[in-house]
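entry24.txt, holding compact mmCIF, C-alpha atoms:
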```
# COMPACT_ATOMS: atom_id res chain seq x y z
CA MET A 1 0.00 0.00 0.00
CA ALA A 2 2.80 2.33 0.94
CA ILE A 3 4.58 1.63 -2.31
CA LEU A 4 1.41 2.27 -4.23
CA SER A 5 0.86 5.67 -2.64
CA ARG A 6 4.45 6.60 -3.33
CA VAL A 7 4.02 5.73 -6.98
CA LYS A 8 0.89 7.83 -7.05
CA ASN A 9 2.74 10.78 -5.51
CA HIS A 10 5.42 10.48 -8.09
CA GLU A 11 2.78 10.55 -10.84
CA ASP A 12 1.16 13.64 -9.33
CA GLN A 13 4.47 15.45 -9.31
CA SER A 14 5.26 14.73 -12.92
CA ARG A 15 1.76 15.81 -13.94
CA LYS A 16 2.18 19.09 -12.08
CA LEU A 17 5.46 19.65 -13.86
CA LEU A 18 3.86 18.97 -17.21
CA ARG A 19 1.03 21.38 -16.51
CA ARG A 20 3.51 24.10 -15.65
CA ALA A 21 5.49 23.47 -18.81
CA VAL A 22 2.36 23.70 -20.98
CA LEU A 23 1.32 26.92 -19.26
CA ALA A 24 4.73 28.51 -19.79
CA LEU A 25 4.82 27.45 -23.41
CA SER A 26 1.36 28.80 -24.21
CA ALA A 27 2.19 32.12 -22.50
CA ALA A 28 5.31 32.39 -24.61
CA LEU A 29 3.32 31.62 -27.76
CA VAL A 30 0.71 34.27 -26.99
CA ALA A 31 3.47 36.81 -26.41
CA VAL A 32 5.20 35.98 -29.68
CA VAL A 33 2.01 36.04 -31.76
CA ALA A 34 0.11 38.89 -30.18
CA LEU A 35 2.78 41.47 -29.38
CA PRO A 36 4.12 42.23 -32.89
CA ALA A 37 0.55 43.07 -33.95
CA VAL A 38 0.89 46.18 -31.88
CA ALA A 39 3.86 47.18 -33.97
CA SER A 40 2.11 46.69 -37.31
CA ALA A 41 2.77 49.53 -39.68
CA ASP A 42 1.58 50.91 -43.00
CA THR A 43 3.02 49.78 -46.29
CA PRO A 44 6.41 51.41 -46.71
CA ALA A 45 6.25 54.51 -48.92
CA ALA A 46 8.92 53.11 -51.22
CA TRP A 47 6.72 50.22 -52.28
CA ALA A 48 4.65 50.45 -55.44
CA ASP A 49 0.97 51.14 -55.01
CA ASP A 50 -1.42 48.16 -54.95
CA PRO A 51 -3.08 47.76 -58.33
CA HIS A 52 -6.80 48.27 -58.01
CA VAL A 53 -8.72 44.95 -58.04
CA SER A 54 -12.37 45.17 -58.95
CA GLY A 55 -14.95 42.87 -57.42
CA LEU A 56 -15.42 41.10 -60.74
CA GLU A 57 -11.71 40.36 -61.06
CA PHE A 58 -11.68 39.15 -57.48
CA LEU A 59 -14.57 36.79 -58.20
CA LEU A 60 -12.98 35.61 -61.42
CA VAL A 61 -9.66 34.69 -59.91
CA LEU A 62 -10.76 33.33 -56.57
CA VAL A 63 -14.09 31.71 -57.43
CA LEU A 64 -14.85 31.28 -61.12
CA ILE A 65 -11.50 29.91 -62.27
CA PRO A 66 -11.16 27.36 -59.43
CA VAL A 67 -14.75 26.21 -59.80
CA GLY A 68 -14.36 25.98 -63.57
CA LEU A 69 -11.18 23.96 -63.19
CA ALA A 70 -12.88 21.64 -60.70
CA LEU A 71 -15.76 21.11 -63.13
CA VAL A 72 -13.45 20.36 -66.06
CA ILE A 73 -11.35 17.93 -64.03
CA GLY A 74 -14.45 16.28 -62.64
CA LEU A 75 -15.84 15.88 -66.14
CA PHE A 76 -12.64 14.27 -67.36
CA ALA A 77 -12.75 11.90 -64.42
CA ALA A 78 -16.35 10.94 -65.11
CA ILE A 79 -16.04 10.42 -68.86
CA PRO A 80 -14.65 6.85 -68.77
CA SER A 81 -17.50 5.53 -66.65
CA MET A 82 -20.03 7.40 -68.81
CA ILE A 83 -18.70 5.84 -72.00
CA HIS A 84 -18.28 2.36 -70.57
CA ASP A 85 -21.46 0.31 -70.86
CA ARG A 86 -21.85 -1.28 -67.48
CA GLY A 87 -24.72 -3.46 -68.55
CA TYR A 88 -27.04 -5.04 -66.08
CA GLU A 89 -26.23 -3.93 -62.55
CA PRO A 90 -27.27 -5.58 -59.31
CA GLY A 91 -30.59 -4.44 -57.97
CA GLN A 92 -31.88 -3.05 -61.23
CA SER A 93 -35.10 -4.33 -62.65
CA TRP A 94 -34.72 -6.23 -65.88
CA ARG A 95 -36.23 -4.15 -68.65
CA ALA A 96 -34.32 -5.54 -71.56
CA GLU A 97 -35.36 -7.96 -74.25
CA ALA A 98 -34.86 -11.61 -73.45
CA GLU A 99 -31.47 -13.03 -74.33
CA TRP A 100 -30.83 -16.62 -75.22
CA PHE A 101 -27.27 -17.88 -75.06
CA GLY A 102 -26.64 -21.07 -76.99
CA GLY A 103 -30.21 -21.20 -78.25
CA PRO A 104 -31.38 -22.01 -81.76
CA ARG A 105 -30.71 -19.45 -84.44
CA LYS A 106 -34.36 -18.58 -84.80
CA GLY A 107 -34.55 -17.59 -81.17
CA VAL A 108 -37.71 -17.85 -79.12
CA GLU A 109 -39.81 -18.37 -82.25
CA ALA A 110 -38.25 -21.81 -82.53
CA ALA A 111 -40.07 -22.70 -79.33
CA ASP A 112 -43.36 -21.53 -80.80
CA ASP A 113 -43.39 -23.69 -83.90
CA LEU A 114 -42.30 -26.95 -82.35
CA ALA A 115 -43.45 -30.15 -84.01
CA PRO A 116 -45.42 -32.44 -81.67
CA GLU A 117 -42.90 -35.24 -82.09
CA GLN A 118 -40.13 -32.84 -81.05
CA ILE A 119 -41.97 -32.08 -77.82
CA GLU A 120 -42.61 -35.75 -77.23
CA ALA A 121 -38.99 -36.71 -77.82
CA ALA A 122 -37.77 -34.06 -75.41
CA GLU A 123 -40.35 -34.97 -72.80
CA SER A 124 -39.29 -38.54 -72.12
CA GLY A 125 -36.88 -38.86 -69.21
CA ARG A 126 -36.51 -35.14 -68.85
CA GLY A 127 -35.34 -33.80 -65.51
CA GLY A 128 -34.62 -30.51 -63.85
CA THR A 129 -35.80 -28.23 -61.15
CA SER A 130 -37.38 -24.87 -60.62
CA GLY A 131 -36.90 -22.25 -57.99
CA GLU A 132 -37.33 -18.65 -57.08
CA TRP A 133 -35.45 -16.14 -54.97
CA MET B 1 -25.73 2.24 -73.95
CA ALA B 2 -28.23 3.16 -71.26
CA ASN B 3 -27.92 1.26 -68.03
CA GLY B 4 -30.49 -1.32 -67.06
CA GLU B 5 -31.00 -2.35 -70.66
CA GLY B 6 -29.72 -5.86 -70.49
CA PHE B 7 -26.20 -7.19 -70.55
CA SER B 8 -23.16 -5.29 -71.67
CA SER B 9 -20.90 -6.90 -74.23
CA ASP B 10 -18.47 -7.80 -71.44
CA GLN B 11 -21.18 -9.58 -69.50
CA ARG B 12 -22.36 -11.37 -72.64
CA TYR B 13 -18.83 -12.49 -73.30
CA GLU B 14 -18.48 -13.76 -69.72
CA ILE B 15 -21.65 -15.85 -70.00
CA ASP B 16 -20.64 -17.18 -73.40
CA ARG B 17 -17.27 -18.18 -72.06
CA ALA B 18 -18.83 -19.86 -69.01
CA ILE B 19 -21.14 -21.86 -71.31
CA ARG B 20 -18.24 -22.97 -73.47
CA ALA B 21 -16.20 -23.93 -70.40
CA ALA B 22 -19.11 -25.94 -69.00
CA GLU B 23 -19.58 -27.75 -72.32
CA THR B 24 -15.89 -28.57 -72.41
CA VAL B 25 -16.00 -29.97 -68.89
CA CYS B 26 -18.90 -32.37 -69.28
CA ARG B 27 -19.51 -32.68 -73.04
CA TYR B 28 -23.16 -31.71 -72.82
CA GLU B 29 -24.80 -28.70 -74.40
CA PHE B 30 -25.71 -25.74 -72.24
CA SER B 31 -28.12 -22.98 -73.06
CA VAL B 32 -29.01 -19.97 -70.95
CA TYR B 33 -32.18 -17.96 -71.45
CA VAL B 34 -32.46 -14.68 -69.55
CA GLY B 35 -35.74 -12.86 -69.80
CA ALA B 36 -39.43 -13.00 -69.17
CA ALA B 37 -41.26 -16.26 -69.65
CA ASP B 38 -44.02 -16.36 -72.21
CA GLY B 39 -46.77 -17.79 -70.05
CA GLU B 40 -45.97 -20.10 -67.17
CA ALA B 41 -42.26 -20.44 -66.47
CA GLY B 42 -42.03 -24.24 -66.20
CA PRO B 43 -43.77 -25.18 -69.46
CA PHE B 44 -42.08 -22.28 -71.23
CA ALA B 45 -38.64 -23.50 -70.16
CA GLN B 46 -39.53 -27.00 -71.29
CA ARG B 47 -40.60 -25.67 -74.68
CA LEU B 48 -37.32 -23.78 -74.99
CA HIS B 49 -35.49 -26.95 -74.09
CA ALA B 50 -37.42 -28.98 -76.66
CA SER B 51 -36.50 -26.50 -79.39
CA LEU B 52 -32.78 -26.98 -78.84
CA ILE B 53 -30.83 -28.93 -81.41
CA ALA B 54 -30.22 -31.97 -79.21
CA PRO B 55 -32.60 -31.71 -76.26
CA ALA B 56 -31.67 -35.07 -74.79
CA ARG B 57 -28.05 -33.99 -74.44
CA SER B 58 -28.80 -30.42 -73.40
CA VAL B 59 -29.29 -28.42 -70.23
CA LEU B 60 -31.45 -25.34 -70.38
CA ILE B 61 -31.22 -22.67 -67.70
CA MET B 62 -34.00 -20.12 -67.72
CA VAL B 63 -33.69 -17.04 -65.53
CA ASP B 64 -36.45 -14.51 -65.27
CA PRO B 65 -34.86 -11.62 -63.35
CA ALA B 66 -38.07 -9.60 -63.25
CA ALA B 67 -40.21 -12.40 -61.84
CA ARG B 68 -37.27 -13.80 -59.84
CA LEU B 69 -37.81 -17.26 -61.27
CA LEU B 70 -35.29 -19.93 -62.15
CA GLU B 71 -35.94 -23.04 -64.22
CA ILE B 72 -33.41 -25.69 -65.12
CA VAL B 73 -34.37 -28.40 -67.60
CA THR B 74 -32.13 -31.38 -68.28
CA GLY B 75 -32.46 -33.79 -71.18
CA SER B 76 -32.91 -37.52 -70.76
CA VAL B 77 -29.29 -38.39 -71.53
CA VAL B 78 -27.90 -35.62 -69.35
CA ARG B 79 -30.09 -36.74 -66.50
CA ARG B 80 -28.23 -40.04 -66.26
CA ASP B 81 -25.11 -38.14 -65.20
CA LEU B 82 -26.81 -35.15 -63.66
CA PRO B 83 -29.46 -36.24 -61.16
CA ASP B 84 -32.14 -33.80 -60.15
CA ASP B 85 -30.62 -33.51 -56.67
CA SER B 86 -27.42 -32.08 -58.13
CA VAL B 87 -29.46 -29.74 -60.28
CA ARG B 88 -31.32 -28.59 -57.18
CA LEU B 89 -27.99 -27.89 -55.45
CA ALA B 90 -26.79 -25.80 -58.37
CA ALA B 91 -30.13 -24.01 -58.42
CA VAL B 92 -29.77 -23.11 -54.75
CA ALA B 93 -26.31 -21.70 -55.37
CA MET B 94 -27.65 -19.65 -58.26
CA GLU B 95 -30.60 -18.39 -56.27
CA ALA B 96 -28.24 -17.27 -53.51
CA ALA B 97 -26.22 -15.22 -56.00
CA PHE B 98 -29.35 -13.82 -57.64
CA ALA B 99 -30.72 -12.82 -54.26
CA HIS B 100 -27.59 -10.69 -53.88
CA GLY B 101 -28.28 -9.11 -57.23
CA ASP B 102 -25.41 -10.91 -58.92
CA LEU B 103 -27.10 -12.05 -62.11
CA VAL B 104 -24.03 -12.80 -64.21
CA GLY B 105 -22.15 -14.35 -61.29
CA GLY B 106 -25.10 -16.59 -60.45
CA ILE B 107 -25.37 -17.83 -64.02
CA LYS B 108 -21.64 -18.52 -64.14
CA ARG B 109 -21.67 -20.31 -60.83
CA GLY B 110 -24.62 -22.44 -61.86
CA LEU B 111 -22.94 -23.42 -65.10
CA VAL B 112 -19.75 -24.42 -63.30
CA GLN B 113 -21.61 -26.42 -60.71
CA LEU B 114 -23.86 -28.19 -63.22
CA ALA B 115 -20.93 -29.05 -65.45
CA ASP B 116 -18.90 -30.38 -62.53
CA ALA B 117 -21.82 -32.50 -61.35
CA ALA B 118 -22.47 -33.83 -64.85
CA ARG B 119 -18.86 -34.71 -65.51
CA LYS B 120 -18.35 -38.42 -65.74
CA PRO B 121 -15.64 -39.49 -63.32
CA ALA B 122 -12.49 -40.58 -65.06
CA THR B 123 -12.27 -44.33 -65.24
CA LEU B 124 -9.27 -45.34 -63.20
CA HIS B 125 -9.69 -49.08 -63.57
CA ALA B 126 -10.72 -49.75 -67.12
CA ALA B 127 -11.88 -53.27 -67.87
CA ASN B 128 -9.54 -53.78 -70.81
```

Encoded form (structure tokens):
Amino acid sequence: MAILSRVKNHEDQSRKLLRRAVLALSAALVAVVALPAVASADTPAAWADDPHVSGLEFLLVLVLIPVGLALVIGLFAAIPSMIHDRGYEPGQSWRAEAEWFGGPRKGVEAADDLAPEQIEAAESGRGGTSGEW
Amino acid sequence: MANGEGFSSDQRYEIDRAIRAAETVCRYEFSVYVGAADGEAGPFAQRLHASLIAPARSVLIMVDPAARLLEIVTGSVVRRDLPDDSVRLAAVAMEAAFAHGDLVGGIKRGLVQLADAARKPATLHAAN
């Protein structure tokens, strides 16, 4: 118990030291940042005069050009995915025409004009399953 | 070009390739129909199957994404190597993929599974 309390004391001391250090540092920072503001002066007379900037020019340089650039870059970034046909995507409803892979050349019409003997021949011993999701 | 209008050429190519791979594995014909059934799904799938070139040696997979229906029809010769239980297993795997919205992946997975199930085991101890 005694050892524990001593450890705790030690911790308290180091924390106090840390707090003091932070306080001193922040005071120094405030002094460095705030004091020179008092000594701020006008533009030296030897310097050239500021060119006059109209509100429109200000808007052009600081707003219109950056926004325009962002739009152009964004467009370039989006073009590949706009050109690329992504086809059927998960979650979409199927609105397309039916597709038959490996079916007869005539397509679904071949299923419409089946001869009775064709149906009979296919029927015997046929298997399979059906399901839904 | 507009989205939601069927498969892209890449997806078509993937399905075509999966069909060819499945046919190479088990030497039966595979056919995949994706779209709405004309009338009831079961009889329609059977009619599609009957109109194939060699129905007895063919497997027809019909997927109706809008109605969320799946039909698999196997011919009489295929059925000897591909029992309905195996077909049911493949159908379950496909339904799981479809339920996640993965249409192309489900078709591919079903083809692989059906072809693997229909593959005749290599004869290790031939009689002659």

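With all atoms listed in the file as the atoms that count, the residue of B:Ser51, B:Thr24, B:Ser31, B:Ser9 with the shortest distance to A:Ala110 is B:Ser51.
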
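Put simply, atom CA of B:His49 is 22.4 Å away from atom CA of B:Gly105.
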
Given only C-alpha atoms, how would the per-residue table for stretch 38-113 of chain B near stretch 124-128 of chain A read, listing every residue at most 8 Å away with its closest atom pair and distance in Å to one decimal, sorted by chain and number, as JSON lines?
```
{"residue": "B:Ala56", "atom": "CA", "partner": "A:Arg126", "partner_atom": "CA", "distance": 7.7}
{"residue": "B:Glu71", "atom": "CA", "partner": "A:Gly128", "partner_atom": "CA", "distance": 7.6}
{"residue": "B:Ile72", "atom": "CA", "partner": "A:Gly128", "partner_atom": "CA", "distance": 5.1}
{"residue": "B:Val73", "atom": "CA", "partner": "A:Gly128", "partner_atom": "CA", "distance": 4.3}
{"residue": "B:Thr74", "atom": "CA", "partner": "A:Gly127", "partner_atom": "CA", "distance": 4.9}
{"residue": "B:Gly75", "atom": "CA", "partner": "A:Arg126", "partner_atom": "CA", "distance": 4.9}
{"residue": "B:Ser76", "atom": "CA", "partner": "A:Gly125", "partner_atom": "CA", "distance": 4.5}
{"residue": "B:Val77", "atom": "CA", "partner": "A:Gly125", "partner_atom": "CA", "distance": 8.0}
{"residue": "B:Arg79", "atom": "CA", "partner": "A:Gly127", "partner_atom": "CA", "distance": 6.1}
{"residue": "B:Pro83", "atom": "CA", "partner": "A:Gly127", "partner_atom": "CA", "distance": 7.7}
{"residue": "B:Asp84", "atom": "CA", "partner": "A:Gly128", "partner_atom": "CA", "distance": 5.5}
{"residue": "B:Val87", "atom": "CA", "partner": "A:Gly128", "partner_atom": "CA", "distance": 6.3}
{"residue": "B:Arg88", "atom": "CA", "partner": "A:Gly128", "partner_atom": "CA", "distance": 7.7}
```

Residue list for chain B near chain A as a ChimeraX atom specification, 8 Å, all atoms listed in the file: /B:1-9,11,15-16,19,30-36,42,47-53,55-56,65-66,68-77,79,83-84,87-88,91-92,95-96,98-103

Residues within 9 Å of stretch 115-121 of chain B, only C-alpha atoms, excluding chain neighbours under 4 positions, as a VMD selection string: chain B and resid 21 to 28 30 78 to 83 86 to 87 90 110 to 111
